[in-house]
>>> print(open('entry.txt').read())   # compact mmCIF, C-alpha atoms and all ligand atoms
# COMPACT_ATOMS: atom_id res chain seq x y z
CA MET A 1 5.75 -13.20 -13.29
CA GLN A 2 8.87 -13.58 -11.18
CA THR A 3 9.32 -15.35 -7.84
CA VAL A 4 12.05 -14.22 -5.45
CA THR A 5 13.01 -15.24 -1.94
CA THR A 6 15.35 -12.48 -0.76
CA ILE A 7 14.78 -8.91 0.41
CA VAL A 8 17.66 -7.68 -1.79
CA GLU A 9 15.95 -9.02 -4.93
CA VAL A 10 12.58 -7.44 -4.05
CA ARG A 11 14.23 -4.09 -3.37
CA GLN A 12 16.08 -4.20 -6.72
CA ILE A 13 12.97 -5.00 -8.74
CA VAL A 14 10.73 -2.50 -6.93
CA SER A 15 13.36 0.22 -7.23
CA THR A 16 13.49 -0.28 -11.04
CA TRP A 17 9.70 -0.04 -11.18
CA LYS A 18 9.64 3.10 -9.04
CA LYS A 19 12.28 4.76 -11.20
CA ALA A 20 10.00 4.11 -14.19
CA GLY A 21 7.18 5.88 -12.30
CA LYS A 22 5.15 2.74 -11.60
CA THR A 23 2.80 2.45 -8.62
CA ILE A 24 3.14 -0.65 -6.44
CA GLY A 25 0.37 -2.75 -4.89
CA LEU A 26 1.12 -5.30 -2.16
CA VAL A 27 -1.05 -8.30 -1.28
CA PRO A 28 0.26 -9.98 1.89
CA THR A 29 -0.76 -13.65 2.30
CA MET A 30 0.27 -16.92 3.88
CA GLY A 31 -0.20 -18.78 0.58
CA ALA A 32 -2.47 -21.78 -0.16
CA LEU A 33 -4.17 -19.33 -2.47
CA HIS A 34 -7.89 -19.43 -3.23
CA GLU A 35 -10.34 -17.10 -4.97
CA GLY A 36 -10.34 -14.78 -1.94
CA HIS A 37 -6.62 -14.12 -2.35
CA GLN A 38 -7.02 -13.93 -6.12
CA SER A 39 -9.70 -11.23 -5.76
CA LEU A 40 -7.19 -9.13 -3.80
CA ILE A 41 -4.61 -9.58 -6.60
CA THR A 42 -7.21 -8.68 -9.25
CA THR A 43 -8.18 -5.53 -7.35
CA ALA A 44 -4.52 -4.59 -6.91
CA ARG A 45 -4.02 -5.18 -10.64
CA GLN A 46 -6.81 -2.68 -11.38
CA GLN A 47 -5.45 -0.03 -9.01
CA CYS A 48 -1.67 -0.28 -9.37
CA ASP A 49 0.86 -0.63 -12.19
CA LYS A 50 2.71 -3.50 -10.49
CA VAL A 51 1.44 -6.13 -8.05
CA VAL A 52 3.62 -7.84 -5.45
CA LEU A 53 2.23 -10.88 -3.64
CA SER A 54 3.97 -11.96 -0.45
CA ILE A 55 3.66 -15.56 0.67
CA PHE A 56 4.98 -16.15 4.15
CA VAL A 57 3.56 -18.42 6.84
CA ASN A 58 4.50 -16.08 9.64
CA PRO A 59 5.45 -18.05 12.77
CA LEU A 60 5.11 -14.93 14.93
CA GLN A 61 1.33 -14.85 14.52
CA PHE A 62 0.78 -18.49 15.58
CA SER A 63 0.74 -19.54 19.23
CA PRO A 64 2.51 -22.82 20.12
CA GLU A 65 -0.76 -24.81 20.18
CA GLU A 66 -1.89 -23.54 16.76
CA ASP A 67 -1.50 -25.04 13.27
CA LEU A 68 1.84 -23.55 12.11
CA ALA A 69 3.43 -26.94 11.33
CA CYS A 70 0.51 -28.27 9.28
CA TYR A 71 -0.57 -24.98 7.64
CA PRO A 72 -1.03 -25.80 3.90
CA ARG A 73 1.93 -24.85 1.70
CA ASP A 74 1.97 -25.31 -2.09
CA LEU A 75 4.15 -22.79 -3.93
CA PRO A 76 3.85 -24.29 -7.48
CA THR A 77 0.03 -24.11 -7.37
CA ASP A 78 0.18 -20.65 -5.78
CA GLN A 79 2.41 -19.44 -8.62
CA ILE A 80 -0.13 -20.58 -11.22
CA LYS A 81 -3.04 -18.94 -9.35
CA ALA A 82 -1.11 -15.72 -8.71
CA ALA A 83 -0.07 -15.40 -12.36
CA ALA A 84 -3.65 -16.06 -13.52
CA ALA A 85 -4.89 -13.22 -11.29
CA GLY A 86 -2.31 -10.77 -12.68
CA CYS A 87 0.52 -10.81 -10.13
CA ASP A 88 3.92 -9.44 -11.27
CA LEU A 89 6.16 -10.59 -8.44
CA ILE A 90 5.91 -13.20 -5.68
CA PHE A 91 8.06 -12.62 -2.62
CA CYS A 92 8.27 -15.84 -0.61
CA PRO A 93 11.03 -15.43 1.95
CA SER A 94 12.32 -18.11 4.30
CA GLU A 95 11.82 -17.74 8.02
CA VAL A 96 15.49 -16.80 8.50
CA GLU A 97 15.26 -14.14 5.76
CA MET A 98 12.46 -12.43 7.72
CA TYR A 99 13.71 -13.20 11.23
CA PRO A 100 17.51 -13.61 11.13
CA ALA A 101 19.49 -14.41 14.26
CA GLY A 102 19.36 -11.41 16.58
CA PHE A 103 15.95 -10.22 15.36
CA ASN A 104 14.38 -8.48 18.35
CA SER A 105 12.02 -5.67 17.32
CA TYR A 106 8.22 -5.82 17.30
CA VAL A 107 5.31 -3.61 16.33
CA GLU A 108 2.34 -3.80 18.67
CA CYS A 109 -0.99 -1.98 18.53
CA PHE A 110 -3.24 -1.70 21.56
CA GLY A 111 -6.97 -1.13 21.97
CA VAL A 112 -8.42 -2.65 18.83
CA THR A 113 -6.20 -5.72 19.29
CA GLN A 114 -7.52 -6.55 22.73
CA MET A 115 -10.96 -7.97 21.93
CA LEU A 116 -12.36 -10.70 19.63
CA GLU A 117 -9.43 -12.42 17.82
CA GLY A 118 -7.00 -10.66 20.16
CA HIS A 119 -8.84 -12.00 23.20
CA SER A 120 -8.86 -15.58 21.87
CA ARG A 121 -5.33 -15.35 20.38
CA PRO A 122 -3.40 -12.93 22.62
CA THR A 123 -0.11 -12.95 20.67
CA HIS A 124 -1.65 -13.04 17.18
CA PHE A 125 -1.88 -9.36 16.24
CA LYS A 126 1.63 -8.52 17.49
CA GLY A 127 2.87 -11.10 14.97
CA VAL A 128 0.64 -9.68 12.23
CA THR A 129 1.62 -6.03 12.74
CA THR A 130 5.31 -6.91 13.00
CA VAL A 131 5.36 -8.88 9.74
CA VAL A 132 3.14 -6.39 7.86
CA ALA A 133 5.32 -3.48 9.02
CA LYS A 134 8.37 -5.39 7.76
CA LEU A 135 6.67 -6.13 4.41
CA PHE A 136 5.78 -2.43 4.07
CA GLY A 137 9.44 -1.58 4.74
CA ILE A 138 10.69 -4.15 2.22
CA VAL A 139 8.19 -3.64 -0.63
CA THR A 140 7.34 0.06 0.00
CA PRO A 141 3.90 -0.28 -1.65
CA ASP A 142 1.66 2.64 -2.52
CA ILE A 143 -1.42 0.57 -1.68
CA ALA A 144 -1.72 -2.64 0.38
CA PHE A 145 -4.73 -4.90 -0.10
CA PHE A 146 -6.42 -6.86 2.69
CA GLY A 147 -9.62 -8.92 2.89
CA GLN A 148 -12.66 -8.07 4.98
CA LYS A 149 -12.70 -11.77 5.86
CA ASP A 150 -10.22 -10.67 8.56
CA THR A 151 -12.07 -7.47 9.30
CA GLN A 152 -10.44 -6.88 12.70
CA GLN A 153 -7.03 -7.31 11.05
CA VAL A 154 -7.92 -4.48 8.65
CA ALA A 155 -8.80 -2.24 11.62
CA VAL A 156 -5.51 -3.13 13.32
CA ILE A 157 -3.42 -2.45 10.21
CA GLU A 158 -5.24 0.86 9.66
CA GLN A 159 -4.43 1.86 13.23
CA MET A 160 -0.77 0.91 12.80
CA VAL A 161 -0.52 2.92 9.56
CA ARG A 162 -2.21 5.92 11.19
CA ASP A 163 -0.24 5.79 14.44
CA LEU A 164 3.15 5.25 12.78
CA ASN A 165 2.53 7.58 9.79
CA LEU A 166 3.39 4.84 7.34
CA PRO A 167 3.22 6.07 3.71
CA VAL A 168 0.82 3.41 2.45
CA THR A 169 -2.91 3.36 1.69
CA ILE A 170 -4.92 0.42 3.03
CA TYR A 171 -7.59 -0.96 0.72
CA SER A 172 -10.02 -3.60 1.98
CA CYS A 173 -11.78 -6.05 -0.33
CA PRO A 174 -15.07 -7.92 0.17
CA ILE A 175 -15.29 -11.51 1.42
CA ILE A 176 -15.33 -14.12 -1.35
CA ARG A 177 -17.58 -17.08 -0.59
CA GLU A 178 -18.29 -20.46 -2.10
CA ALA A 179 -21.71 -20.86 -3.75
CA SER A 180 -22.84 -22.53 -0.52
CA GLY A 181 -22.07 -19.34 1.44
CA LEU A 182 -18.95 -20.69 3.16
CA ALA A 183 -16.25 -18.00 3.28
CA LYS A 184 -13.19 -19.14 1.33
CA SER A 185 -10.27 -19.90 3.61
CA SER A 186 -6.99 -21.78 3.34
CA ARG A 187 -8.10 -23.59 6.53
CA ASN A 188 -11.18 -25.01 4.75
CA GLN A 189 -8.72 -27.64 3.45
CA TYR A 190 -8.70 -29.14 6.94
CA LEU A 191 -12.46 -29.86 6.81
CA SER A 192 -13.86 -33.31 6.02
CA VAL A 193 -16.87 -33.49 3.69
CA GLN A 194 -19.21 -33.67 6.69
CA GLU A 195 -17.44 -30.81 8.49
CA LYS A 196 -17.61 -28.63 5.38
CA LYS A 197 -21.37 -29.18 5.29
CA GLU A 198 -21.73 -28.30 8.95
CA ALA A 199 -19.47 -25.23 8.56
CA LEU A 200 -22.34 -23.65 6.63
CA VAL A 201 -23.93 -22.75 9.97
CA LEU A 202 -21.57 -19.75 10.14
CA SER A 203 -22.80 -18.03 6.98
CA GLN A 204 -26.35 -19.25 7.59
CA SER A 205 -26.37 -17.60 11.01
CA LEU A 206 -25.21 -14.32 9.40
CA LYS A 207 -28.02 -14.59 6.83
CA LEU A 208 -30.47 -15.16 9.67
CA ALA A 209 -29.11 -12.06 11.41
CA GLU A 210 -29.62 -10.05 8.22
CA ARG A 211 -33.30 -11.01 8.10
CA MET A 212 -33.75 -10.18 11.78
CA ILE A 213 -31.97 -6.82 11.43
CA ASN A 214 -34.22 -5.94 8.52
CA THR A 215 -37.26 -6.53 10.71
CA ARG A 216 -35.65 -4.56 13.56
CA GLN A 217 -35.37 -7.42 16.03
CA PRO A 218 -33.48 -6.64 19.26
CA VAL A 219 -29.75 -7.44 19.46
CA ALA A 220 -30.22 -9.97 22.29
CA LYS A 221 -32.75 -11.90 20.24
CA ILE A 222 -30.50 -11.88 17.16
CA HIS A 223 -27.60 -13.16 19.26
CA GLN A 224 -29.78 -15.91 20.71
CA ALA A 225 -31.13 -16.99 17.30
CA MET A 226 -27.64 -17.04 15.75
CA THR A 227 -26.30 -19.13 18.63
CA ALA A 228 -29.16 -21.60 18.22
CA LYS A 229 -28.53 -21.79 14.45
CA ILE A 230 -24.81 -22.53 14.94
CA GLU A 231 -25.55 -25.08 17.65
CA GLU A 232 -27.69 -27.01 15.17
CA SER A 233 -24.35 -28.47 14.11
CA PRO A 234 -23.17 -31.07 16.64
CA LEU A 235 -19.57 -30.37 15.57
CA ALA A 236 -19.73 -26.60 16.17
CA VAL A 237 -18.27 -24.95 19.26
CA ILE A 238 -18.58 -21.17 19.40
CA ASP A 239 -15.43 -19.32 20.41
CA TYR A 240 -17.11 -15.91 20.08
CA LEU A 241 -20.18 -14.39 18.47
CA LYS A 242 -20.25 -10.62 18.86
CA ILE A 243 -22.49 -7.87 17.55
CA VAL A 244 -20.39 -4.71 17.60
CA ASN A 245 -20.06 -1.11 16.48
CA PRO A 246 -18.05 -1.33 13.19
CA GLN A 247 -15.87 1.65 14.14
CA THR A 248 -14.95 0.78 17.73
CA LEU A 249 -15.53 -3.01 17.64
CA GLN A 250 -17.21 -2.59 21.03
CA GLU A 251 -20.33 -4.68 21.69
CA ILE A 252 -23.63 -2.90 21.26
CA LYS A 253 -27.01 -3.51 22.86
CA GLU A 254 -28.98 -1.74 20.16
CA ILE A 255 -28.44 -1.25 16.43
CA GLU A 256 -28.80 2.42 15.56
CA LYS A 257 -27.60 2.59 11.98
CA GLU A 258 -25.05 -0.12 11.43
CA CYS A 259 -23.45 -3.10 13.03
CA LEU A 260 -20.76 -5.67 12.44
CA ILE A 261 -21.26 -9.29 13.47
CA LEU A 262 -18.16 -11.41 13.97
CA LEU A 263 -17.94 -15.13 14.54
CA ALA A 264 -15.21 -17.57 15.46
CA VAL A 265 -16.43 -21.15 15.56
CA TYR A 266 -14.64 -24.47 15.84
CA ILE A 267 -15.96 -27.10 13.46
CA GLY A 268 -14.29 -30.17 14.90
CA GLN A 269 -10.60 -29.21 15.26
CA THR A 270 -10.75 -26.38 12.72
CA ARG A 271 -11.29 -22.80 13.86
CA LEU A 272 -13.20 -20.75 11.28
CA ILE A 273 -14.01 -17.04 11.30
CA ASP A 274 -16.64 -15.09 9.40
CA ASN A 275 -18.33 -11.71 9.65
CA ALA A 276 -20.84 -9.41 8.00
CA ARG A 277 -21.58 -5.72 8.22
CA PHE A 278 -25.13 -4.41 8.08
CA THR A 279 -26.47 -0.91 7.52
CA ILE A 280 -30.05 -0.01 8.28
CA THR A 281 -31.50 2.42 5.78
CA ASN A 282 -34.21 4.91 6.74
CA LYS A 283 -36.82 2.51 5.47
CA GLY A 284 -35.46 -0.20 7.71
CA GLU A 285 -33.90 -2.12 4.85
CA LYS A 286 -30.34 -3.42 4.77
CA LYS A 287 -28.09 -1.66 2.27
P1 LIG B 1 -4.23 -15.33 4.69
O1 LIG B 1 -3.42 -16.00 3.64
O2 LIG B 1 -5.32 -16.19 5.25
O3 LIG B 1 -3.38 -14.67 5.75
O4 LIG B 1 -5.00 -14.15 3.97
C1 LIG B 1 -4.32 -13.19 3.20
C2 LIG B 1 -5.27 -12.10 2.83
O5 LIG B 1 -6.35 -12.64 2.07
C3 LIG B 1 -5.90 -11.40 4.06
O6 LIG B 1 -5.99 -10.01 3.81
C4 LIG B 1 -7.26 -12.04 4.12
O7 LIG B 1 -8.24 -11.22 4.74
C5 LIG B 1 -7.58 -12.23 2.65
N1 LIG B 1 -8.61 -13.26 2.50
C6 LIG B 1 -8.59 -14.52 2.99
N2 LIG B 1 -9.75 -15.15 2.69
C7 LIG B 1 -10.50 -14.28 2.01
C8 LIG B 1 -11.80 -14.33 1.43
N3 LIG B 1 -12.57 -15.41 1.50
N4 LIG B 1 -12.26 -13.22 0.78
C9 LIG B 1 -11.50 -12.10 0.70
N5 LIG B 1 -10.27 -11.99 1.22
C10 LIG B 1 -9.77 -13.06 1.87
>>> encode(input="entry.txt", output="structure tokens")
Amino acid sequence: MQTVTTIVEVRQIVSTWKKAGKTIGLVPTMGALHEGHQSLITTARQQCDKVVLSIFVNPLQFSPEEDLACYPRDLPTDQIKAAAAGCDLIFCPSEVEMYPAGFNSYVECFGVTQMLEGHSRPTHFKGVTTVVAKLFGIVTPDIAFFGQKDTQQVAVIEQMVRDLNLPVTIYSCPIIREASGLAKSSRNQYLSVQEKKEALVLSQSLKLAERMINTRQPVAKIHQAMTAKIEESPLAVIDYLKIVNPQTLQEIKEIEKECLILLAVYIGQTRLIDNARFTITNKGEKK
């Protein structure tokens, strides 16, 4: 596995691969790799001949009051984890490599970016779509792999690819959790032992929702019960808890066939997100 920091190097390596008829998978990340990221690399490994992992803590997607400065960075450990998962090439550019002096072009999607994460973090998705569009232009992957942990991000990237006719397929991978149920996240490193325990209210509230959906409880009641579950933790402050249509991400009052539940919750200073998608079968069971 190679690690490079410049766009010229990535282009050279990818061009050699393409000439040899290889397909390219891209896994964009901000590093501080965990099993969630590794599952994306493993999936890319299965689907493509060559796997490129980008590691870039993208300043454009952080607002000034967010955690850009203290976001965990550990390239040597990331290299070991990436290689173990089957990565061929790490691209870890500097900020100036991605945004040189005079940089002044942005990619912005509307609609799906306005609610949920976009409502709480108004500049976030413009940063995400700009950097992902650049990575697509640099790496020219056949398939790009994203996690359902950031399920709204997947919807936004899919819209960008559709709207701009970008020649890349988007593949989304399931959420990887700890045995406790906590969704793996680089930001879990911020949690104290006590906070990590209390952070379980996120996944527990989704489990509770699953049981209530299976017994066809009304949406308002599910929302109320989930809120109560999360508020069992004295450290938890809910940013949003929404039960939505998985296609439109608009809130629903009734579950017809399927729904997506998304959460953003502060545990102390740390903002965590989680989500789950549920499908009601004819027999009223969750698929
Ligand atoms: P990040 O480094 O947090 O920007 O995440 C990079 C990619 O890894 C994104 O597509 C995330 O959705 C994905 N990811 C992060 N955590 C998980 C997880 N627990 N399970 C699956 N994918 C994840």
>>> closest_atom_pairs(input="entry.txt", of="region 112-218 of chain A", to="region 31-41 of chain A", cutoff="12 Å", atoms="all atoms listed in the file", output="CSV")
residue,atom,partner,partner_atom,distance
A:Ile143,CA,A:Leu40,CA,11.5
A:Ala144,CA,A:Leu40,CA,9.5
A:Phe145,CA,A:Leu40,CA,6.1
A:Phe146,CA,A:Leu40,CA,6.9
A:Gly147,CA,A:Leu40,CA,7.1
A:Gln148,CA,A:Gly36,CA,9.9
A:Lys149,CA,A:Gly36,CA,8.7
A:Asp150,CA,A:Gly36,CA,11.3
A:Ile170,CA,A:Leu40,CA,12.0
A:Tyr171,CA,A:Leu40,CA,9.3
A:Ser172,CA,A:Leu40,CA,8.5
A:Cys173,CA,A:Leu40,CA,6.5
A:Pro174,CA,A:Gly36,CA,8.6
A:Ile175,CA,A:Gly36,CA,6.8
A:Ile176,CA,A:Gly36,CA,5.1
A:Arg177,CA,A:Gly36,CA,7.7
A:Glu178,CA,A:Glu35,CA,9.1
A:Leu182,CA,A:Gly36,CA,11.6
A:Ala183,CA,A:Gly36,CA,8.5
A:Lys184,CA,A:Gly36,CA,6.2
A:Ser185,CA,A:His34,CA,7.3
A:Ser186,CA,A:Ala32,CA,5.7
A:Arg187,CA,A:Ala32,CA,8.9
A:Asn188,CA,A:His34,CA,10.3
A:Gln189,CA,A:Ala32,CA,9.3
A:Tyr190,CA,A:Ala32,CA,12.0
>>> residues_around(input="entry.txt", residues="region 222-224 of chain A", least_positions_apart="2", cutoff="8 Å", atoms="all atoms listed in the file", output="NGL selection string")
:A and (209 or 212-213 or 217-220 or 226-228 or 241-243)
>>> atom_distance(input="entry.txt", atom1="CA of Asp274 (chain A)", atom2="atom O6 of ligand LIG 1 (chain B)")
13.1 Å
>>> residues_near_point(input="entry.txt", point="(12.2, -16.6, 0.0)", cutoff="9 Å", atoms="only C-alpha atoms", output="NGL selection string")
:A and (3-7 or 55-56 or 91-95 or 97-98)
>>> closest_residue(input="entry.txt", among="A:Leu249, A:Ile80, A:Leu26, A:Ala225", to="ligand LIG 1 (chain B)", atoms="only C-alpha atoms and all ligand atoms")
A:Leu26
>>> atom_distance(input="entry.txt", atom1="atom O6 of ligand LIG 1 (chain B)", atom2="CA of Val27 (chain A)")
7.3 Å
>>> decode(input="entry.txt", residues="region 216-229 of chain A", atoms="N, CA, C and O atoms", output="PDB file, in the first residue's frame")
ATOM      1  N   ARG A 216     -47.026  -1.587  15.521  1.00  0.00           N
ATOM      2  CA  ARG A 216     -47.839  -0.561  14.856  1.00  0.00           C
ATOM      3  C   ARG A 216     -48.280   0.573  15.769  1.00  0.00           C
ATOM      4  O   ARG A 216     -49.426   1.015  15.716  1.00  0.00           O
ATOM      5  N   GLN A 217     -47.368   1.035  16.603  1.00  0.00           N
ATOM      6  CA  GLN A 217     -47.689   2.191  17.460  1.00  0.00           C
ATOM      7  C   GLN A 217     -47.659   3.464  16.608  1.00  0.00           C
ATOM      8  O   GLN A 217     -46.905   3.548  15.647  1.00  0.00           O
ATOM      9  N   PRO A 218     -48.449   4.481  16.988  1.00  0.00           N
ATOM     10  CA  PRO A 218     -48.447   5.714  16.188  1.00  0.00           C
ATOM     11  C   PRO A 218     -47.110   6.483  16.286  1.00  0.00           C
ATOM     12  O   PRO A 218     -46.411   6.394  17.303  1.00  0.00           O
ATOM     13  N   VAL A 219     -46.816   7.220  15.212  1.00  0.00           N
ATOM     14  CA  VAL A 219     -45.548   7.959  15.119  1.00  0.00           C
ATOM     15  C   VAL A 219     -45.341   8.891  16.320  1.00  0.00           C
ATOM     16  O   VAL A 219     -44.244   8.944  16.890  1.00  0.00           O
ATOM     17  N   ALA A 220     -46.402   9.602  16.714  1.00  0.00           N
ATOM     18  CA  ALA A 220     -46.271  10.566  17.819  1.00  0.00           C
ATOM     19  C   ALA A 220     -45.857   9.857  19.105  1.00  0.00           C
ATOM     20  O   ALA A 220     -45.021  10.364  19.870  1.00  0.00           O
ATOM     21  N   LYS A 221     -46.403   8.678  19.309  1.00  0.00           N
ATOM     22  CA  LYS A 221     -46.092   7.913  20.520  1.00  0.00           C
ATOM     23  C   LYS A 221     -44.639   7.394  20.478  1.00  0.00           C
ATOM     24  O   LYS A 221     -43.940   7.389  21.495  1.00  0.00           O
ATOM     25  N   ILE A 222     -44.230   6.967  19.288  1.00  0.00           N
ATOM     26  CA  ILE A 222     -42.839   6.492  19.127  1.00  0.00           C
ATOM     27  C   ILE A 222     -41.867   7.634  19.425  1.00  0.00           C
ATOM     28  O   ILE A 222     -40.886   7.479  20.150  1.00  0.00           O
ATOM     29  N   HIS A 223     -42.180   8.803  18.871  1.00  0.00           N
ATOM     30  CA  HIS A 223     -41.339   9.992  19.060  1.00  0.00           C
ATOM     31  C   HIS A 223     -41.223  10.322  20.547  1.00  0.00           C
ATOM     32  O   HIS A 223     -40.123  10.566  21.066  1.00  0.00           O
ATOM     33  N   GLN A 224     -42.375  10.280  21.209  1.00  0.00           N
ATOM     34  CA  GLN A 224     -42.437  10.605  22.645  1.00  0.00           C
ATOM     35  C   GLN A 224     -41.606   9.602  23.473  1.00  0.00           C
ATOM     36  O   GLN A 224     -40.817   9.988  24.332  1.00  0.00           O
ATOM     37  N   ALA A 225     -41.767   8.317  23.144  1.00  0.00           N
ATOM     38  CA  ALA A 225     -41.064   7.265  23.900  1.00  0.00           C
ATOM     39  C   ALA A 225     -39.555   7.350  23.667  1.00  0.00           C
ATOM     40  O   ALA A 225     -38.752   7.163  24.598  1.00  0.00           O
ATOM     41  N   MET A 226     -39.157   7.643  22.429  1.00  0.00           N
ATOM     42  CA  MET A 226     -37.719   7.776  22.128  1.00  0.00           C
ATOM     43  C   MET A 226     -37.125   8.966  22.881  1.00  0.00           C
ATOM     44  O   MET A 226     -36.021   8.877  23.426  1.00  0.00           O
ATOM     45  N   THR A 227     -37.860  10.071  22.879  1.00  0.00           N
ATOM     46  CA  THR A 227     -37.389  11.270  23.589  1.00  0.00           C
ATOM     47  C   THR A 227     -37.193  10.951  25.067  1.00  0.00           C
ATOM     48  O   THR A 227     -36.147  11.287  25.656  1.00  0.00           O
ATOM     49  N   ALA A 228     -38.168  10.267  25.648  1.00  0.00           N
ATOM     50  CA  ALA A 228     -38.089   9.925  27.074  1.00  0.00           C
ATOM     51  C   ALA A 228     -36.882   9.018  27.336  1.00  0.00           C
ATOM     52  O   ALA A 228     -36.153   9.187  28.316  1.00  0.00           O
ATOM     53  N   LYS A 229     -36.659   8.070  26.426  1.00  0.00           N
ATOM     54  CA  LYS A 229     -35.515   7.139  26.571  1.00  0.00           C
ATOM     55  C   LYS A 229     -34.194   7.916  26.568  1.00  0.00           C
ATOM     56  O   LYS A 229     -33.316   7.682  27.398  1.00  0.00           O
TER      57      LYS A 229
END
